[in-house]
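Source file: target_15.pdb; contents: PDB, C-alpha atoms, pLDDT in the B column.
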MODEL        1
ATOM      1  CA  MET B  70     136.759 123.009  48.092  1.00 80.00           C
ATOM      2  CA  SER B  71     136.669 126.695  49.081  1.00 89.00           C
ATOM      3  CA  TRP B  72     137.525 128.215  52.451  1.00 90.00           C
ATOM      4  CA  GLY B  73     133.865 129.064  52.968  1.00 91.00           C
ATOM      5  CA  ILE B  74     132.807 125.426  52.737  1.00 93.00           C
ATOM      6  CA  ILE B  75     135.677 124.311  54.997  1.00 93.00           C
ATOM      7  CA  GLY B  76     134.684 126.969  57.540  1.00 93.00           C
ATOM      8  CA  LEU B  77     131.063 125.908  57.245  1.00 94.00           C
ATOM      9  CA  PHE B  78     131.967 122.287  58.043  1.00 95.00           C
ATOM     10  CA  ILE B  79     133.894 123.404  61.117  1.00 94.00           C
ATOM     11  CA  LEU B  80     131.120 125.765  62.229  1.00 94.00           C
ATOM     12  CA  ILE B  81     128.418 123.107  61.773  1.00 95.00           C
ATOM     13  CA  GLY B  82     130.574 120.717  63.788  1.00 94.00           C
ATOM     14  CA  ILE B  83     130.958 123.206  66.633  1.00 92.00           C
ATOM     15  CA  VAL B  84     127.213 123.912  66.681  1.00 92.00           C
ATOM     16  CA  ALA B  85     126.477 120.177  66.714  1.00 91.00           C
ATOM     17  CA  LEU B  86     128.860 119.662  69.650  1.00 87.00           C
ATOM     18  CA  ILE B  87     127.231 122.520  71.566  1.00 84.00           C
ATOM     19  CA  LEU B  88     123.809 120.984  70.899  1.00 86.00           C
ATOM     20  CA  GLU B  89     125.071 117.618  72.092  1.00 86.00           C
ATOM     21  CA  ILE B  90     126.420 119.095  75.317  1.00 79.00           C
ATOM     22  CA  PHE B  91     123.541 121.400  76.248  1.00 77.00           C
ATOM     23  CA  VAL B  92     120.389 120.161  74.531  1.00 79.00           C
ATOM     24  CA  ILE B  93     120.601 116.488  73.599  1.00 81.00           C
ATOM     25  CA  PRO B  94     121.342 114.176  76.549  1.00 74.00           C
ATOM     26  CA  GLY B  95     124.064 111.543  76.352  1.00 72.00           C
ATOM     27  CA  PHE B  96     126.770 110.953  73.776  1.00 71.00           C
ATOM     28  CA  GLY B  97     125.112 110.189  70.488  1.00 84.00           C
ATOM     29  CA  ILE B  98     124.892 110.687  66.787  1.00 89.00           C
ATOM     30  CA  VAL B  99     124.862 114.499  66.917  1.00 90.00           C
ATOM     31  CA  GLY B 100     128.128 114.578  68.892  1.00 88.00           C
ATOM     32  CA  ILE B 101     129.783 112.090  66.561  1.00 92.00           C
ATOM     33  CA  PHE B 102     128.539 114.092  63.560  1.00 93.00           C
ATOM     34  CA  GLY B 103     129.891 117.334  65.055  1.00 92.00           C
ATOM     35  CA  PHE B 104     133.302 115.887  65.835  1.00 92.00           C
ATOM     36  CA  SER B 105     133.479 114.260  62.395  1.00 95.00           C
ATOM     37  CA  SER B 106     132.464 117.494  60.685  1.00 96.00           C
ATOM     38  CA  ILE B 107     135.235 119.417  62.446  1.00 95.00           C
ATOM     39  CA  LEU B 108     137.792 116.741  61.547  1.00 95.00           C
ATOM     40  CA  PHE B 109     136.614 116.691  57.928  1.00 95.00           C
ATOM     41  CA  GLY B 110     136.941 120.477  57.661  1.00 95.00           C
ATOM     42  CA  ILE B 111     140.477 120.376  59.031  1.00 95.00           C
ATOM     43  CA  TYR B 112     141.383 117.431  56.772  1.00 95.00           C
ATOM     44  CA  GLU B 113     140.093 119.288  53.719  1.00 94.00           C
ATOM     45  CA  ALA B 114     142.156 122.343  54.659  1.00 94.00           C
ATOM     46  CA  TYR B 115     145.268 120.153  54.740  1.00 94.00           C
ATOM     47  CA  SER B 116     144.460 118.312  51.514  1.00 94.00           C
ATOM     48  CA  GLN B 117     143.334 121.333  49.463  1.00 92.00           C
ATOM     49  CA  TYR B 118     145.678 124.068  50.658  1.00 93.00           C
ATOM     50  CA  GLY B 119     148.730 122.309  52.066  1.00 93.00           C
ATOM     51  CA  MET B 120     150.514 121.956  55.371  1.00 94.00           C
ATOM     52  CA  VAL B 121     150.690 125.638  56.361  1.00 95.00           C
ATOM     53  CA  ALA B 122     147.014 126.346  55.694  1.00 93.00           C
ATOM     54  CA  GLY B 123     146.030 123.082  57.430  1.00 93.00           C
ATOM     55  CA  ASN B 124     148.080 123.974  60.501  1.00 95.00           C
ATOM     56  CA  ILE B 125     146.532 127.448  60.612  1.00 94.00           C
ATOM     57  CA  THR B 126     143.043 125.942  60.326  1.00 94.00           C
ATOM     58  CA  LEU B 127     143.791 123.392  63.046  1.00 95.00           C
ATOM     59  CA  MET B 128     145.242 125.960  65.438  1.00 96.00           C
ATOM     60  CA  SER B 129     142.476 128.495  64.837  1.00 95.00           C
ATOM     61  CA  THR B 130     139.826 125.827  65.441  1.00 94.00           C
ATOM     62  CA  VAL B 131     141.501 124.694  68.670  1.00 94.00           C
ATOM     63  CA  LEU B 132     141.944 128.300  69.853  1.00 95.00           C
ATOM     64  CA  PHE B 133     138.304 129.075  69.022  1.00 93.00           C
ATOM     65  CA  LEU B 134     137.082 126.041  70.998  1.00 91.00           C
ATOM     66  CA  VAL B 135     139.318 126.881  73.981  1.00 91.00           C
ATOM     67  CA  GLY B 136     138.165 130.513  73.835  1.00 90.00           C
ATOM     68  CA  LEU B 137     134.542 129.397  73.726  1.00 86.00           C
ATOM     69  CA  ILE B 138     135.062 127.251  76.832  1.00 81.00           C
ATOM     70  CA  VAL B 139     136.872 130.065  78.685  1.00 84.00           C
ATOM     71  CA  VAL B 140     134.164 132.607  77.841  1.00 84.00           C
ATOM     72  CA  SER B 141     131.401 130.233  78.897  1.00 76.00           C
ATOM     73  CA  LEU B 142     133.140 129.588  82.233  1.00 75.00           C
ATOM     74  CA  ARG B 143     133.786 133.266  82.927  1.00 80.00           C
ATOM     75  CA  THR B 144     130.255 134.377  82.118  1.00 77.00           C
ATOM     76  CA  LYS B 145     128.921 131.709  84.478  1.00 72.00           C
ATOM     77  CA  THR B 146     126.967 130.004  81.697  1.00 68.00           C
ATOM     78  CA  TRP B 147     127.127 126.755  83.638  1.00 70.00           C
ATOM     79  CA  ARG B 148     125.453 128.342  86.675  1.00 74.00           C
ATOM     80  CA  LYS B 149     122.566 129.466  84.503  1.00 72.00           C
ATOM     81  CA  LEU B 150     122.064 125.878  83.368  1.00 70.00           C
ATOM     82  CA  MET B 151     122.394 124.296  86.823  1.00 73.00           C
ATOM     83  CA  LEU B 152     119.506 123.351  89.076  1.00 77.00           C
ATOM     84  CA  HIS B 153     119.794 125.231  92.386  1.00 79.00           C
ATOM     85  CA  THR B 154     117.036 123.612  94.421  1.00 82.00           C
ATOM     86  CA  ASN B 155     117.651 121.065  97.139  1.00 81.00           C
ATOM     87  CA  ILE B 156     115.356 118.236  98.157  1.00 77.00           C
ATOM     88  CA  GLU B 157     114.793 118.597 101.879  1.00 76.00           C
ATOM     89  CA  SER B 158     111.950 116.136 102.409  1.00 67.00           C
ATOM     90  CA  LYS B 159     112.069 112.454 103.198  1.00 64.00           C
ATOM     91  CA  VAL B 160     109.945 109.647 101.867  1.00 65.00           C
ATOM     92  CA  ASN B 161     107.361 108.255 104.268  1.00 62.00           C
ATOM     93  CA  GLU B 162     108.454 110.154 107.371  1.00 69.00           C
ATOM     94  CA  ILE B 163     107.151 108.156 110.302  1.00 76.00           C
ATOM     95  CA  ASP B 164     106.146 109.951 113.474  1.00 73.00           C
ATOM     96  CA  GLU B 165     106.710 107.372 116.215  1.00 75.00           C
ATOM     97  CA  ASN B 166     103.901 108.961 118.248  1.00 77.00           C
ATOM     98  CA  LYS B 167     101.358 108.176 115.502  1.00 81.00           C
ATOM     99  CA  VAL B 168     102.260 104.566 114.698  1.00 88.00           C
ATOM    100  CA  GLU B 169     103.950 101.808 116.676  1.00 88.00           C
ATOM    101  CA  VAL B 170     104.297  98.041 116.596  1.00 90.00           C
ATOM    102  CA  GLY B 171     100.884  96.490 117.267  1.00 90.00           C
ATOM    103  CA  SER B 172      98.922  99.399 115.756  1.00 92.00           C
ATOM    104  CA  GLU B 173      95.972  98.273 113.664  1.00 93.00           C
ATOM    105  CA  GLY B 174      94.793  99.725 110.402  1.00 94.00           C
ATOM    106  CA  ILE B 175      93.071  99.102 107.098  1.00 95.00           C
ATOM    107  CA  THR B 176      94.485  99.036 103.602  1.00 95.00           C
ATOM    108  CA  ILE B 177      93.505 101.848 101.248  1.00 94.00           C
ATOM    109  CA  SER B 178      95.110 100.504  98.097  1.00 93.00           C
ATOM    110  CA  ARG B 179      96.148  97.045  97.062  1.00 93.00           C
ATOM    111  CA  LEU B 180      99.397  96.041  98.768  1.00 92.00           C
ATOM    112  CA  ALA B 181     101.410  94.352  96.054  1.00 91.00           C
ATOM    113  CA  PRO B 182     103.485  94.033  98.296  1.00 89.00           C
ATOM    114  CA  ILE B 183     103.774  97.799  98.931  1.00 92.00           C
ATOM    115  CA  GLY B 184     100.818 100.161  99.079  1.00 92.00           C
ATOM    116  CA  LYS B 185      98.895 102.657 101.183  1.00 93.00           C
ATOM    117  CA  ALA B 186      97.173 101.971 104.478  1.00 94.00           C
ATOM    118  CA  ARG B 187      95.356 104.043 107.099  1.00 94.00           C
ATOM    119  CA  ILE B 188      96.781 103.466 110.573  1.00 92.00           C
ATOM    120  CA  ASN B 189      95.487 105.565 113.507  1.00 89.00           C
ATOM    121  CA  ASN B 190      93.726 107.934 111.062  1.00 90.00           C
ATOM    122  CA  GLU B 191      97.002 108.672 109.215  1.00 88.00           C
ATOM    123  CA  ILE B 192      97.921 107.396 105.742  1.00 90.00           C
ATOM    124  CA  PHE B 193     101.268 105.589 105.415  1.00 89.00           C
ATOM    125  CA  GLU B 194     103.068 103.569 102.791  1.00 90.00           C
ATOM    126  CA  VAL B 195     103.374 100.014 104.127  1.00 92.00           C
ATOM    127  CA  ASP B 196     105.088  96.775 103.100  1.00 93.00           C
ATOM    128  CA  THR B 197     103.780  93.226 103.535  1.00 92.00           C
ATOM    129  CA  GLN B 198     107.041  91.327 102.940  1.00 86.00           C
ATOM    130  CA  GLY B 199     105.840  89.665  99.766  1.00 85.00           C
ATOM    131  CA  LEU B 200     102.124  89.158 100.357  1.00 86.00           C
ATOM    132  CA  PHE B 201      99.430  90.636  98.132  1.00 91.00           C
ATOM    133  CA  VAL B 202      96.613  92.219 100.133  1.00 91.00           C
ATOM    134  CA  ASP B 203      93.364  93.625  98.727  1.00 92.00           C
ATOM    135  CA  PRO B 204      91.966  97.064  99.655  1.00 94.00           C
ATOM    136  CA  ASN B 205      89.835  97.438 102.804  1.00 93.00           C
ATOM    137  CA  THR B 206      91.621  94.584 104.568  1.00 93.00           C
ATOM    138  CA  LYS B 207      92.514  94.822 108.276  1.00 94.00           C
ATOM    139  CA  ILE B 208      96.244  94.807 109.022  1.00 95.00           C
ATOM    140  CA  VAL B 209      98.574  94.984 112.030  1.00 94.00           C
ATOM    141  CA  VAL B 210     102.000  96.659 112.229  1.00 93.00           C
ATOM    142  CA  ILE B 211     104.639  94.038 113.039  1.00 93.00           C
ATOM    143  CA  LYS B 212     107.817  96.059 112.550  1.00 90.00           C
ATOM    144  CA  ILE B 213     108.989  99.639 111.983  1.00 88.00           C
ATOM    145  CA  ASN B 214     112.339  99.931 110.257  1.00 83.00           C
ATOM    146  CA  LYS B 215     113.406 103.641 109.972  1.00 77.00           C
ATOM    147  CA  ASN B 216     111.077 104.852 107.190  1.00 81.00           C
ATOM    148  CA  LYS B 217     109.448 101.503 106.427  1.00 87.00           C
ATOM    149  CA  ILE B 218     106.347 100.073 108.093  1.00 90.00           C
ATOM    150  CA  ILE B 219     105.942  96.305 107.788  1.00 92.00           C
ATOM    151  CA  VAL B 220     102.469  94.885 108.282  1.00 94.00           C
ATOM    152  CA  LYS B 221     100.643  91.554 108.251  1.00 92.00           C
ATOM    153  CA  LEU B 222      97.035  90.512 107.924  1.00 92.00           C
ATOM    154  CA  LYS B 223      95.012  90.792 111.133  1.00 86.00           C
ATOM    155  CA  ASN B 224      93.817  87.365 112.305  1.00 79.00           C
TER
ENDMDL
END
Structure rendered as structure tokens:
Amino acid sequence: MSWGIIGLFILIGIVALILEIFVIPGFGIVGIFGFSSILFGIYEAYSQYGMVAGNITLMSTVLFLVGLIVVSLRTKTWRKLMLHTNIESKVNEIDENKVEVGSEGITISRLAPIGKARINNEIFEVDTQGLFVDPNTKIVVIKINKNKIIVKLKN
């Protein structure tokens, strides 16, 4: 096997590992293929050209990978790939001035057991504690627990 083919195996392995890290989520077949390809290239260098050539191939591959990592960290490659937005909103923010225990409303969607309801002309996500309630059914707020409104059927 020639040096070109050995180098090609190592290069294909490095490209596959980069794809696995940046493009393909999780640890899968591409990563295993890349790692195996690098190991096969190094093994072939040892078996075809002897101990000295194998050691040189191993060290140059390791130095290349370390250099690639150092360059990617210094050029802030990771920052270009990172998401910089923050989620500042909350789910179902409840204004205590708009809804309170005893408030009456009507369901907009089917509560199975969670769904949408209109209470005091505002739409909220409500919970029935296990009951299934059809749309356009009258309900009453029985409990408010932080961001959760618990309702029951109006008698």
Original post:
Of the residues B:Val92, B:Ile75, B:Leu150, B:Ile183, which is the one nearest to Lys217 of chain B, using all atoms listed in the file?
Top reply: B:Ile183
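Residues matched by the PyMOL selection byres ((chain B and resi 128-135) around 10) in this file: B:Gly76, B:Ile79, B:Leu80, B:Ile83, B:Ile107, B:Gly110, B:Ile111, B:Ala122, B:Gly123, B:Asn124, B:Ile125, B:Thr126, B:Leu127, B:Gly136, B:Leu137, B:Ile138, B:Val139, B:Val140, B:Ser141.
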Take the selection from the previous step and output its residues with C-alpha atoms, as a PDB file, in the frame of the given file.
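Everything below was put into part20.pdb:
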ATOM      1  CA  GLY B  76     134.684 126.969  57.540  1.00 93.00           C
ATOM      2  CA  ILE B  79     133.894 123.404  61.117  1.00 94.00           C
ATOM      3  CA  LEU B  80     131.120 125.765  62.229  1.00 94.00           C
ATOM      4  CA  ILE B  83     130.958 123.206  66.633  1.00 92.00           C
ATOM      5  CA  ILE B 107     135.235 119.417  62.446  1.00 95.00           C
ATOM      6  CA  GLY B 110     136.941 120.477  57.661  1.00 95.00           C
ATOM      7  CA  ILE B 111     140.477 120.376  59.031  1.00 95.00           C
ATOM      8  CA  ALA B 122     147.014 126.346  55.694  1.00 93.00           C
ATOM      9  CA  GLY B 123     146.030 123.082  57.430  1.00 93.00           C
ATOM     10  CA  ASN B 124     148.080 123.974  60.501  1.00 95.00           C
ATOM     11  CA  ILE B 125     146.532 127.448  60.612  1.00 94.00           C
ATOM     12  CA  THR B 126     143.043 125.942  60.326  1.00 94.00           C
ATOM     13  CA  LEU B 127     143.791 123.392  63.046  1.00 95.00           C
ATOM     14  CA  GLY B 136     138.165 130.513  73.835  1.00 90.00           C
ATOM     15  CA  LEU B 137     134.542 129.397  73.726  1.00 86.00           C
ATOM     16  CA  ILE B 138     135.062 127.251  76.832  1.00 81.00           C
ATOM     17  CA  VAL B 139     136.872 130.065  78.685  1.00 84.00           C
ATOM     18  CA  VAL B 140     134.164 132.607  77.841  1.00 84.00           C
ATOM     19  CA  SER B 141     131.401 130.233  78.897  1.00 76.00           C
TER      20      SER B 141
END
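Picture a line from atom CA of Lys212 of chain B to atom CA of Glu169 of chain B; it runs 8.1 Å.
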Original post:
Which residue out of B:Ile81, B:Val121, B:Ile211, B:Phe96 has the minimum interatomic distance to Phe109 of chain B when all atoms listed in the file are used?
Top reply: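 Checking each candidate against Phe109 of chain B, we get B:Ile81 as the closest.
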Surrounding residues of Ala85 of chain B excluding itself and chain neighbours under 5 positions, 7 Å, all atoms listed in the file, as a PDB file with C-alpha atoms, in the coordinates of the input:
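Below is the file that was written, selection-v4.pdb:
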ATOM      1  CA  VAL B  99     124.862 114.499  66.917  1.00 90.00           C
ATOM      2  CA  GLY B 100     128.128 114.578  68.892  1.00 88.00           C
ATOM      3  CA  GLY B 103     129.891 117.334  65.055  1.00 92.00           C
TER       4      GLY B 103
END
Original post:
So, counting only C-alpha atoms, which residue among B:Leu180, B:Val168, B:Asn214, B:Ile175 is closest to Gly199 of chain B?
Top reply: B:Leu180
Can you list what the PyMOL selection byres ((chain B and resi 203) around 6) grabs from this structure, as a compact mmCIF listing (two decimals) with C-alpha atoms, keeping the file's coordinate frame?
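Once everything was written out, this is expr.txt:
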# COMPACT_ATOMS: atom_id res chain seq x y z
CA ARG B 179 96.15 97.04 97.06
CA VAL B 202 96.61 92.22 100.13
CA PRO B 204 91.97 97.06 99.66
